[in-house]
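Listing of entry12.tsv, TSV, C-alpha atoms
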chain	number	residue	atom	x	y	z
A	1	MET	CA	2.73	33.69	48.03
A	2	THR	CA	4.58	36.96	47.89
A	3	THR	CA	6.88	37.71	44.99
A	4	THR	CA	8.43	40.80	46.57
A	5	TRP	CA	12.17	40.81	47.20
A	6	PRO	CA	13.39	40.19	49.85
A	7	TYR	CA	11.43	37.26	51.24
A	8	LEU	CA	11.98	37.43	55.01
A	9	ASP	CA	9.39	35.39	56.85
A	10	ILE	CA	10.04	34.58	60.50
A	11	HIS	CA	7.51	31.75	60.55
A	12	GLN	CA	7.74	29.34	57.64
A	13	SER	CA	6.80	26.08	59.35
A	14	ARG	CA	3.52	27.16	60.91
A	15	THR	CA	0.14	26.47	59.40
A	16	HIS	CA	-1.57	28.78	61.90
A	17	GLU	CA	-0.80	31.17	64.73
A	18	PRO	CA	-0.45	28.95	67.80
A	19	THR	CA	-3.35	29.10	70.21
A	20	PRO	CA	-2.83	30.16	73.85
A	21	TYR	CA	-3.11	26.47	74.77
A	22	GLU	CA	-0.32	25.58	72.30
A	23	PHE	CA	1.96	28.35	73.58
A	24	LYS	CA	1.38	27.28	77.16
A	25	LEU	CA	2.00	23.62	76.36
A	26	ALA	CA	5.21	24.40	74.44
A	27	ALA	CA	6.60	26.65	77.17
A	28	THR	CA	5.78	24.06	79.83
A	29	LEU	CA	7.41	21.32	77.78
A	30	GLU	CA	10.61	23.37	77.63
A	31	GLU	CA	10.52	23.72	81.40
A	32	VAL	CA	9.86	20.01	81.87
A	33	PHE	CA	12.70	19.07	79.52
A	34	THR	CA	15.03	21.40	81.40
A	35	LYS	CA	14.10	20.36	84.93
A	36	ASP	CA	12.57	16.88	84.79
A	37	GLY	CA	14.31	15.00	81.96
A	38	HIS	CA	13.87	13.79	78.42
A	39	GLU	CA	12.19	10.40	78.84
A	40	LEU	CA	8.49	10.04	78.07
A	41	PRO	CA	7.50	9.17	81.70
A	42	ASP	CA	9.40	12.29	82.86
A	43	VAL	CA	7.43	14.40	80.42
A	44	ILE	CA	4.04	12.99	81.41
A	45	ARG	CA	4.81	13.38	85.10
A	46	GLY	CA	6.19	16.89	84.60
A	47	LEU	CA	3.18	18.14	82.65
A	48	ASN	CA	0.68	16.65	85.04
A	49	ALA	CA	2.55	17.99	88.09
A	50	ARG	CA	2.22	21.44	86.58
A	51	GLN	CA	-1.49	20.97	85.95
A	52	VAL	CA	-1.01	21.57	82.23
A	53	HIS	CA	-3.49	19.10	80.86
A	54	ALA	CA	-4.81	17.97	77.51
A	55	PRO	CA	-7.53	20.11	75.88
A	56	ASP	CA	-10.25	17.92	77.45
A	57	GLY	CA	-8.88	18.70	80.92
A	58	ALA	CA	-7.78	15.15	81.62
A	59	PRO	CA	-4.30	14.37	82.94
A	60	TRP	CA	-1.91	13.22	80.24
A	61	THR	CA	-1.20	9.59	79.58
A	62	GLU	CA	1.63	8.41	77.35
A	63	GLU	CA	-0.96	7.52	74.76
A	64	SER	CA	-2.80	10.84	74.83
A	65	PHE	CA	0.48	12.79	74.77
A	66	ARG	CA	1.78	10.86	71.75
A	67	ALA	CA	-1.49	11.46	69.93
A	68	GLU	CA	-1.51	15.17	70.72
A	69	MET	CA	2.12	15.68	69.69
A	70	ASN	CA	1.38	13.83	66.48
A	71	ARG	CA	-1.53	16.17	65.83
A	72	LEU	CA	0.41	19.33	66.68
A	73	GLY	CA	3.79	18.40	65.29
A	74	ALA	CA	2.98	16.61	62.07
B	1	MET	CA	29.02	47.66	39.46
B	2	THR	CA	26.63	45.90	37.15
B	3	THR	CA	28.04	44.05	34.20
B	4	PRO	CA	26.01	42.85	31.23
B	5	THR	CA	24.64	39.41	31.82
B	6	PRO	CA	25.57	36.81	29.24
B	7	ARG	CA	23.03	34.04	28.85
B	8	VAL	CA	23.97	30.51	29.76
B	9	GLY	CA	25.78	29.08	26.82
B	10	LEU	CA	27.41	32.33	25.82
B	11	ALA	CA	30.99	33.10	26.75
B	12	ALA	CA	31.19	34.53	30.25
B	13	SER	CA	34.25	36.03	31.89
B	14	ALA	CA	35.76	34.48	34.99
B	15	ASP	CA	34.76	37.62	36.91
B	16	HIS	CA	31.17	37.25	35.80
B	17	ILE	CA	31.06	33.56	36.73
B	18	TYR	CA	32.68	34.26	40.10
B	19	ALA	CA	30.16	37.03	40.75
B	20	THR	CA	27.03	35.17	39.66
B	21	GLY	CA	27.76	31.55	40.55
B	22	LEU	CA	29.59	28.58	39.11
B	23	ARG	CA	28.10	26.84	36.12
B	24	ASN	CA	27.88	23.13	35.35
B	25	GLN	CA	26.47	22.19	38.72
B	26	TRP	CA	23.17	22.21	40.59
B	27	HIS	CA	22.00	25.16	42.68
B	28	PRO	CA	18.90	25.69	44.81
B	29	VAL	CA	16.47	28.21	43.30
B	30	VAL	CA	13.44	28.85	45.56
B	31	PRO	CA	11.26	26.76	47.89
B	32	SER	CA	8.93	24.34	46.10
B	33	ASP	CA	5.82	25.98	47.49
B	34	PHE	CA	6.69	29.24	45.71
B	35	VAL	CA	5.19	27.60	42.61
B	36	ALA	CA	1.76	26.07	43.22
B	37	PRO	CA	0.30	23.45	40.86
B	38	GLY	CA	-0.97	25.21	37.76
B	39	ALA	CA	1.05	28.34	38.52
B	40	MET	CA	4.20	29.95	37.25
B	41	ARG	CA	6.76	32.28	38.78
B	42	LYS	CA	9.48	34.53	37.50
B	43	VAL	CA	12.81	34.04	39.28
B	44	THR	CA	16.36	35.30	38.92
B	45	ALA	CA	19.21	32.85	39.38
B	46	LEU	CA	22.88	33.06	38.42
B	47	GLY	CA	22.21	36.54	37.09
B	48	GLU	CA	19.62	35.38	34.56
B	49	GLN	CA	15.84	35.52	34.28
B	50	TRP	CA	13.92	32.25	34.47
B	51	LEU	CA	10.36	31.03	34.50
B	52	LEU	CA	9.32	28.28	36.87
B	53	PHE	CA	6.29	26.55	35.43
B	54	ARG	CA	4.26	23.93	37.23
B	55	ARG	CA	1.61	21.87	35.50
B	56	PRO	CA	-1.65	21.15	37.34
B	57	ASP	CA	-0.37	17.60	38.01
B	58	GLY	CA	2.63	19.06	39.87
B	59	ALA	CA	5.32	18.47	37.24
B	60	LEU	CA	7.81	21.33	37.34
B	61	SER	CA	9.91	22.84	34.59
B	62	MET	CA	12.29	25.78	34.41
B	63	LEU	CA	12.56	27.79	31.21
B	64	ALA	CA	14.60	30.81	30.21
B	65	ASP	CA	12.22	33.75	30.64
B	66	ARG	CA	12.55	34.85	27.07
B	67	CYS	CA	10.29	34.21	24.11
B	68	PRO	CA	12.37	32.91	21.19
B	69	HIS	CA	10.42	35.15	18.83
B	70	ARG	CA	11.15	38.71	20.00
B	71	GLY	CA	12.58	38.20	23.49
B	72	ALA	CA	9.53	39.16	25.52
B	73	PRO	CA	9.38	37.66	29.02
B	74	LEU	CA	7.35	34.46	29.04
B	75	SER	CA	6.55	35.19	32.70
B	76	LEU	CA	4.10	37.86	31.48
B	77	GLY	CA	2.37	35.21	29.41
B	78	LYS	CA	-0.49	32.84	29.98
B	79	HIS	CA	-0.37	29.43	31.70
B	80	LEU	CA	-2.06	26.96	29.34
B	81	GLY	CA	-1.73	23.89	31.57
B	82	ASP	CA	1.04	22.09	29.70
B	83	ARG	CA	2.59	25.10	27.94
B	84	VAL	CA	2.95	28.84	28.19
B	85	ALA	CA	1.74	31.38	25.64
B	86	CYS	CA	3.77	34.57	25.23
B	87	TRP	CA	1.55	37.60	25.80
B	88	TYR	CA	3.19	39.61	23.01
B	89	HIS	CA	2.34	37.47	19.93
B	90	GLY	CA	0.87	34.33	21.46
B	91	VAL	CA	3.81	32.06	20.63
B	92	GLU	CA	3.33	28.85	22.61
B	93	ILE	CA	6.21	27.08	24.36
B	94	GLU	CA	6.13	23.55	25.75
B	95	THR	CA	7.71	22.70	29.09
B	96	ASP	CA	10.83	21.31	27.40
B	97	GLY	CA	11.36	24.59	25.54
B	98	THR	CA	9.89	23.51	22.20
B	99	VAL	CA	7.79	25.99	20.22
B	100	SER	CA	4.49	24.18	19.79
B	101	SER	CA	2.55	26.86	17.97
B	102	VAL	CA	2.90	30.26	16.30
B	103	PRO	CA	-0.78	31.32	16.20
B	104	GLY	CA	-0.14	34.34	13.95
B	105	LEU	CA	1.52	32.27	11.26
B	106	PRO	CA	0.56	28.59	11.39
B	107	GLY	CA	3.23	26.40	9.87
B	108	CYS	CA	5.95	28.96	10.68
B	109	ASN	CA	9.37	27.33	10.76
B	110	LEU	CA	9.76	28.08	14.48
B	111	GLU	CA	7.19	25.39	15.22
B	112	GLY	CA	8.64	22.12	16.47
B	113	LYS	CA	12.02	23.62	17.28
B	114	LYS	CA	13.45	23.59	20.80
B	115	LEU	CA	14.44	27.23	21.05
B	116	VAL	CA	14.07	27.98	24.76
B	117	THR	CA	16.63	26.81	27.32
B	118	SER	CA	15.02	24.35	29.73
B	119	LEU	CA	16.98	23.41	32.83
B	120	PRO	CA	16.85	20.00	34.52
B	121	VAL	CA	15.12	20.36	37.90
B	122	ARG	CA	14.79	18.23	41.04
B	123	GLU	CA	12.84	18.88	44.20
B	124	ILE	CA	14.22	17.86	47.57
B	125	GLY	CA	13.31	18.77	51.12
B	126	GLY	CA	10.86	21.43	49.96
B	127	ALA	CA	13.30	23.19	47.63
B	128	ILE	CA	13.74	23.36	43.88
B	129	LEU	CA	17.22	22.52	42.59
B	130	ALA	CA	18.21	23.21	39.00
B	131	TYR	CA	21.22	22.28	36.91
B	132	PHE	CA	22.88	25.30	35.29
B	133	GLY	CA	25.02	23.93	32.50
B	134	ASP	CA	26.88	25.96	29.91
B	135	GLU	CA	26.71	25.22	26.19
B	136	LYS	CA	29.32	22.50	26.43
B	137	HIS	CA	27.80	20.83	29.48
B	138	PRO	CA	24.04	20.69	28.92
B	139	ASP	CA	23.63	17.28	30.55
B	140	PRO	CA	23.13	17.46	34.30
B	141	ALA	CA	26.04	16.65	36.58
B	142	GLU	CA	25.57	13.67	38.85
B	143	LEU	CA	23.74	14.83	41.96
B	144	THR	CA	24.14	13.19	45.36
B	145	LEU	CA	21.67	14.68	47.80
B	146	PRO	CA	22.67	15.55	51.37
B	147	GLU	CA	22.05	12.51	53.61
B	148	PRO	CA	20.19	14.51	56.27
B	149	LEU	CA	17.57	15.33	53.63
B	150	THR	CA	17.13	11.74	52.49
B	151	ASP	CA	17.61	9.73	55.72
B	152	PRO	CA	14.13	8.69	56.97
B	153	ASP	CA	15.38	8.77	60.57
B	154	VAL	CA	16.24	12.45	60.26
B	155	ASP	CA	13.64	15.18	60.29
B	156	ALA	CA	14.52	18.38	58.45
B	157	ILE	CA	12.64	21.68	58.24
B	158	LEU	CA	13.56	24.25	55.61
B	159	CYS	CA	14.09	27.94	56.30
B	160	TYR	CA	14.57	30.16	53.24
B	161	ALA	CA	15.57	33.82	53.22
B	162	GLU	CA	16.70	36.44	50.71
B	163	TRP	CA	19.72	38.60	51.50
B	164	ASN	CA	21.16	41.60	49.73
B	165	GLY	CA	24.78	40.60	49.29
B	166	PRO	CA	27.05	38.48	47.13
B	167	TRP	CA	26.46	34.73	47.31
B	168	ARG	CA	30.11	34.14	48.16
B	169	PHE	CA	29.82	36.14	51.39
B	170	ALA	CA	27.01	33.85	52.50
B	171	VAL	CA	29.06	30.70	51.83
B	172	GLU	CA	32.15	32.24	53.42
B	173	ASN	CA	30.09	33.00	56.52
B	174	LEU	CA	29.39	29.28	56.84
B	175	LEU	CA	33.07	28.39	56.41
B	176	ASP	CA	33.87	30.73	59.30
B	177	PRO	CA	32.64	28.90	62.42
B	178	MET	CA	34.38	31.27	64.81
B	179	HIS	CA	31.87	34.02	64.16
B	180	GLY	CA	29.38	31.93	66.16
B	181	ALA	CA	31.17	32.69	69.44
B	182	PHE	CA	30.97	36.45	68.80
B	183	LEU	CA	28.16	37.45	66.44
B	184	HIS	CA	25.79	34.85	67.92
B	185	HIS	CA	27.02	35.06	71.51
B	186	GLU	CA	23.62	36.24	72.73
B	187	SER	CA	21.74	33.45	70.96
B	188	HIS	CA	19.95	30.51	72.57
B	189	THR	CA	22.34	27.94	71.13
B	190	MET	CA	25.76	29.56	70.68
B	191	TYR	CA	26.34	31.30	73.99
B	192	ASP	CA	28.90	28.80	75.21
B	193	GLY	CA	32.48	27.80	74.49
B	194	ASP	CA	35.88	29.39	74.14
B	195	THR	CA	36.35	32.60	72.25
B	196	THR	CA	39.82	31.50	71.19
B	197	ALA	CA	40.50	28.47	69.04
B	198	LYS	CA	42.84	26.79	66.60
B	199	PHE	CA	41.47	25.39	63.38
B	200	ARG	CA	42.50	22.81	60.85
B	201	ILE	CA	41.38	21.70	57.43
B	202	ARG	CA	40.64	18.02	57.00
B	203	GLU	CA	40.16	16.75	53.47
B	204	THR	CA	37.30	14.47	52.53
B	205	GLU	CA	36.41	12.80	49.26
B	206	ARG	CA	33.67	15.36	48.65
B	207	GLY	CA	35.21	18.54	50.07
B	208	TYR	CA	36.74	19.41	53.40
B	209	PHE	CA	36.09	19.90	57.07
B	210	PHE	CA	37.08	23.16	58.70
B	211	GLU	CA	37.10	22.47	62.41
B	212	LYS	CA	38.38	23.50	65.79
B	213	THR	CA	41.19	21.30	67.08
B	214	ASP	CA	40.37	21.87	70.74
B	215	GLN	CA	36.58	22.02	71.13
B	216	ARG	CA	33.67	20.01	69.75
B	217	GLY	CA	29.97	19.89	70.54
B	218	VAL	CA	29.86	23.21	72.40
B	219	ASN	CA	29.34	25.97	69.86
B	220	PHE	CA	29.49	26.11	66.04
B	221	ASP	CA	32.75	24.12	66.15
B	222	TRP	CA	33.04	22.58	62.72
B	223	VAL	CA	31.67	22.72	59.23
B	224	GLU	CA	31.96	20.37	56.27
B	225	LEU	CA	31.88	21.74	52.75
B	226	CYS	CA	30.37	19.11	50.47
B	227	ARG	CA	30.52	19.22	46.68
B	228	THR	CA	28.21	16.49	45.45
B	229	GLY	CA	26.86	18.00	42.27
B	230	VAL	CA	25.39	20.76	44.42
B	231	ASP	CA	27.48	22.70	46.94
B	232	TRP	CA	26.28	22.43	50.52
B	233	VAL	CA	27.56	22.61	54.04
B	234	ASP	CA	26.82	20.41	57.01
B	235	LEU	CA	27.28	21.46	60.60
B	236	THR	CA	25.81	20.82	64.04
B	237	ILE	CA	25.03	23.11	66.92
B	238	PRO	CA	24.07	21.92	70.42
B	239	TYR	CA	20.55	22.49	71.64
B	240	PRO	CA	19.93	23.41	75.27
B	241	PRO	CA	18.07	20.75	77.36
B	242	SER	CA	14.82	22.71	76.86
B	243	ALA	CA	14.65	21.45	73.26
B	244	GLY	CA	14.10	17.93	74.55
B	245	PRO	CA	15.49	14.61	73.34
B	246	GLY	CA	17.45	14.14	70.12
B	247	GLY	CA	20.70	15.88	70.91
B	248	PRO	CA	22.14	18.66	68.76
B	249	PHE	CA	20.47	20.04	65.69
B	250	GLY	CA	22.19	20.08	62.36
B	251	ILE	CA	22.09	22.48	59.48
B	252	VAL	CA	22.34	21.67	55.81
B	253	GLY	CA	23.05	24.99	54.13
B	254	MET	CA	22.86	25.90	50.46
B	255	VAL	CA	23.02	29.17	48.62
B	256	CYS	CA	21.41	30.43	45.44
B	257	PRO	CA	23.47	33.04	43.61
B	258	VAL	CA	20.54	35.21	42.51
B	259	ASP	CA	22.74	37.82	40.88
B	260	GLU	CA	25.97	39.51	41.82
B	261	ASN	CA	24.39	41.41	44.71
B	262	ARG	CA	21.59	39.14	45.89
B	263	THR	CA	21.48	35.72	47.50
B	264	GLY	CA	18.89	33.16	48.44
B	265	VAL	CA	19.88	31.17	51.52
B	266	PHE	CA	18.49	27.73	52.32
B	267	PHE	CA	18.91	26.31	55.79
B	268	TRP	CA	17.46	22.96	56.66
B	269	ARG	CA	17.43	22.56	60.44
B	270	TYR	CA	17.53	18.84	61.08
B	271	ARG	CA	17.49	16.48	64.00
B	272	ARG	CA	17.82	12.74	64.38
B	273	VAL	CA	14.44	12.09	65.98
B	274	GLN	CA	11.56	9.70	65.42
B	275	GLY	CA	8.12	9.00	66.89
B	276	TRP	CA	6.93	11.23	69.73
B	277	GLN	CA	10.37	12.86	69.94
B	278	ARG	CA	10.11	13.95	66.32
B	279	ASP	CA	6.56	15.22	66.78
B	280	THR	CA	7.48	17.10	69.92
B	281	TRP	CA	10.53	18.69	68.29
B	282	ARG	CA	8.40	19.83	65.35
B	283	PHE	CA	5.76	21.22	67.70
B	284	LEU	CA	8.35	23.16	69.72
B	285	TYR	CA	10.06	24.29	66.52
B	286	LYS	CA	6.88	25.71	65.03
B	287	THR	CA	5.70	27.28	68.25
B	288	LEU	CA	8.88	28.66	69.83
B	289	ILE	CA	12.20	27.60	68.32
B	290	GLU	CA	11.84	28.76	64.72
B	291	GLU	CA	11.55	32.37	65.82
B	292	ARG	CA	14.73	32.08	67.92
B	293	HIS	CA	16.58	30.54	65.00
B	294	TRP	CA	15.34	33.41	62.86
B	295	GLN	CA	16.87	35.96	65.21
B	296	VAL	CA	20.24	34.21	64.85
B	297	LEU	CA	19.93	34.25	61.06
B	298	GLU	CA	19.06	37.93	61.16
B	299	GLN	CA	22.37	38.62	62.92
B	300	ASP	CA	24.12	37.07	59.92
B	301	ARG	CA	21.99	39.01	57.47
B	302	VAL	CA	22.58	42.35	59.18
B	303	MET	CA	26.34	41.76	59.24
B	304	LEU	CA	26.66	40.47	55.67
B	305	GLU	CA	24.42	43.14	54.15
B	306	ALA	CA	26.54	45.81	55.87
B	307	MET	CA	29.82	44.43	54.48
B	308	PRO	CA	31.38	46.66	51.81
B	309	ALA	CA	31.38	45.26	48.30
B	310	ASP	CA	35.18	45.13	48.29
B	311	ALA	CA	35.33	43.48	51.73
B	312	ASP	CA	37.15	40.47	50.30
B	313	GLN	CA	39.80	42.57	48.59
B	314	ARG	CA	41.10	44.63	51.50
B	315	GLU	CA	41.57	42.24	54.39
B	316	ASN	CA	44.11	41.11	56.94
B	317	LEU	CA	43.36	37.46	57.46
B	318	TYR	CA	44.54	35.17	60.25
B	319	GLN	CA	44.54	31.48	61.06
B	320	HIS	CA	40.76	31.29	61.49
B	321	ASP	CA	40.28	32.25	57.86
B	322	LEU	CA	41.93	29.18	56.32
B	323	GLY	CA	38.56	27.70	55.48
B	324	VAL	CA	37.47	30.88	53.68
B	325	VAL	CA	40.76	31.22	51.80
B	326	ARG	CA	40.53	27.68	50.54
B	327	LEU	CA	36.94	28.21	49.45
B	328	ARG	CA	37.81	31.33	47.48
B	329	ARG	CA	40.78	29.73	45.75
B	330	MET	CA	38.65	26.78	44.74
B	331	TYR	CA	35.78	28.88	43.39
B	332	ARG	CA	38.08	31.36	41.68
B	333	ALA	CA	40.05	28.56	39.97
B	334	GLU	CA	36.84	26.95	38.81
B	335	ALA	CA	35.49	30.25	37.46
B	336	GLU	CA	38.75	30.75	35.51
B	337	ALA	CA	38.55	27.22	34.13
B	338	GLN	CA	34.91	27.60	33.10
B	339	ALA	CA	35.60	30.93	31.40
B	340	SER	CA	38.57	29.66	29.42
B	341	ALA	CA	36.69	26.54	28.34
B	342	SER	CA	33.70	28.43	27.03
Could you write out this file's structure as structure tokens?
Amino acid sequence: MTTTWPYLDIHQSRTHEPTPYEFKLAATLEEVFTKDGHELPDVIRGLNARQVHAPDGAPWTEESFRAEMNRLGA
Amino acid sequence: MTTPTPRVGLAASADHIYATGLRNQWHPVVPSDFVAPGAMRKVTALGEQWLLFRRPDGALSMLADRCPHRGAPLSLGKHLGDRVACWYHGVEIETDGTVSSVPGLPGCNLEGKKLVTSLPVREIGGAILAYFGDEKHPDPAELTLPEPLTDPDVDAILCYAEWNGPWRFAVENLLDPMHGAFLHHESHTMYDGDTTAKFRIRETERGYFFEKTDQRGVNFDWVELCRTGVDWVDLTIPYPPSAGPGGPFGIVGMVCPVDENRTGVFFWRYRRVQGWQRDTWRFLYKTLIEERHWQVLEQDRVMLEAMPADADQRENLYQHDLGVVRLRRMYRAEAEAQASAS
């Protein structure tokens, strides 16, 4: 932890630099929220329609999306 | 201009108190993770030097950074787990400020005496708060924490930054919502809404609202100043649909008067979200949103750091500045009262 004044750190909530997969998922989520809606079924449908899948390549389910967000957002 | 810094407990002028922060209340100091278990850290707050000391079990204490023997900084000393040893002559100080040992002269009459100021501390939402009492008010004032930081249905993420400017300018900036429509016009959250407005002050039991009378939920349209043992502000700003469910995000803001020309700012961005919505918000925040928020905060920093030191003495204020005027009067009156009582 730096002790130099001033402390000006753009990223204080990250534990790591996001991976390309995480950037892609986040950007797609923003697009889905903007165009498709805010309900969970909207999100799952929107992600799958854009072919942005889970790391294992499988289409998202509500269960897999909840689990992944819990992993990435905790 | 730099004035000599009286220690807490010694008589301070109203000007000095106004410049370095009100006494007899809690203030934020630094984020909790600035002091790891088993570590210590030198900090400046309210114009004075302090030592934050954390035991290996996590217990935190805050001591004046001054050995009671010859005045050497304890922060140059050695962490002994449950006490600190001054580097100069090895005098050992416990976490409550008691001299536990004078190795050079065992049995010395300093031993067993509580000679170092030790401030009450609390940790909330990832930040260290400390109570800065004067000699007549050593016992901590009652502290009611901001609800957004204690409500389990609200998720808050702290952003801390250090600005070169008086602490008052940072608080005044928060009591001036109209700057959002201009300074932050190019931001992702405050691009919308009228650039003209009328404001009013609405009293509450813990402070006051300063709010637009003709627009709400569009830009930075209102702010509540809350004085609950610690001074903080609450406000909300709409998120665009891209941020997903949960509605607007709120900010709990606090300020640490570091010294008369430096300020630590604490902004907790919070949202009323649970479950997958909470997780998704946090994921987007970490990955994309935090950086955008940072750019907005930088606009404030650039403006406030460029303000002349006498900015608040040569002004022509108008109706939008009622919230700032009230804030200044309140703080100035309190500084006068604290100076005359000491």
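Of the listed residues (A:Ala54, A:Gly46, A:Asn70, A:Leu40), A:Asn70 comes nearest to chain B; the distances count all atoms listed in the file.
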Go through chain A residue by residue and, counting all atoms listed in the file, keep those with an atom at most 10 Å from chain B; for each kept residue give the shortest atom pair and its distance in Å to one decimal, ordered by chain and increasing number, as a Markdown table.
| residue | atom | partner | partner_atom | distance |
| --- | --- | --- | --- | --- |
| A:Met1 | CA | B:Phe34 | CA | 6.4 |
| A:Thr2 | CA | B:Phe34 | CA | 8.3 |
| A:Thr3 | CA | B:Arg41 | CA | 8.3 |
| A:Trp5 | CA | B:Glu162 | CA | 7.2 |
| A:Pro6 | CA | B:Glu162 | CA | 5.1 |
| A:Tyr7 | CA | B:Glu162 | CA | 5.4 |
| A:Leu8 | CA | B:Ala161 | CA | 5.4 |
| A:Asp9 | CA | B:Ala161 | CA | 7.3 |
| A:Ile10 | CA | B:Trp294 | CA | 5.9 |
| A:His11 | CA | B:Glu291 | CA | 6.7 |
| A:Gln12 | CA | B:Cys159 | CA | 6.6 |
| A:Ser13 | CA | B:Lys286 | CA | 5.7 |
| A:Arg14 | CA | B:Lys286 | CA | 5.5 |
| A:Thr15 | CA | B:Lys286 | CA | 8.8 |
| A:His16 | CA | B:Lys286 | CA | 9.5 |
| A:Glu17 | CA | B:Thr287 | CA | 8.4 |
| A:Pro18 | CA | B:Thr287 | CA | 6.4 |
| A:Thr19 | CA | B:Thr287 | CA | 9.4 |
| A:Glu22 | CA | B:Thr287 | CA | 7.5 |
| A:Phe23 | CA | B:Thr287 | CA | 6.6 |
| A:Lys24 | CA | B:Thr287 | CA | 9.9 |
| A:Leu25 | CA | B:Leu284 | CA | 9.2 |
| A:Ala26 | CA | B:Leu284 | CA | 5.8 |
| A:Ala27 | CA | B:Leu288 | CA | 7.9 |
| A:Thr28 | CA | B:Ser242 | CA | 9.6 |
| A:Leu29 | CA | B:Ser242 | CA | 7.6 |
| A:Glu30 | CA | B:Ser242 | CA | 4.3 |
| A:Glu31 | CA | B:Ser242 | CA | 6.3 |
| A:Val32 | CA | B:Ser242 | CA | 7.5 |
| A:Phe33 | CA | B:Ser242 | CA | 5.0 |
| A:Thr34 | CA | B:Ser242 | CA | 4.7 |
| A:Lys35 | CA | B:Ser242 | CA | 8.4 |
| A:Gly37 | CA | B:Gly244 | CA | 8.0 |
| A:His38 | CA | B:Pro245 | CA | 5.4 |
| A:Glu39 | CA | B:Pro245 | CA | 7.7 |
| A:Leu40 | CA | B:Trp276 | CA | 8.6 |
| A:Val43 | CA | B:Gly244 | CA | 9.6 |
| A:Glu62 | CA | B:Trp276 | CA | 9.7 |
| A:Phe65 | CA | B:Trp276 | CA | 8.3 |
| A:Arg66 | CA | B:Trp276 | CA | 5.5 |
| A:Ala67 | CA | B:Trp276 | CA | 8.4 |
| A:Glu68 | CA | B:Asp279 | CA | 9.0 |
| A:Met69 | CA | B:Asp279 | CA | 5.3 |
| A:Asn70 | CA | B:Asp279 | CA | 5.4 |
| A:Arg71 | CA | B:Asp279 | CA | 8.2 |
| A:Leu72 | CA | B:Phe283 | CA | 5.8 |
| A:Gly73 | CA | B:Phe283 | CA | 4.2 |
| A:Ala74 | CA | B:Asp279 | CA | 6.1 |
Which residues are near B:Ile17? Cut-off 9 Å, all atoms listed in the file, ignore same chain within fewer than 3 positions. Put them as a list in words. Ala12, Ser13, Ala14, Thr20, Gly21, Leu22, Arg23, Leu46, Arg332, Ala335, Glu336, Gln338 and Ala339 of chain B
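For the pair atom CA of B:Arg66 and atom CA of B:Ile124, the interatomic distance is 26.7 Å.
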To box stretch 10-13 of chain A, take all atoms listed in the file, fit an axis-aligned box, add 4 Å on each side, and give centre and edge lengths in Å to one decimal, as lines of an AutoDock Vina configuration file.
center_x = 8.4
center_y = 30.3
center_z = 59.1
size_x = 11.2
size_y = 16.5
size_z = 10.9
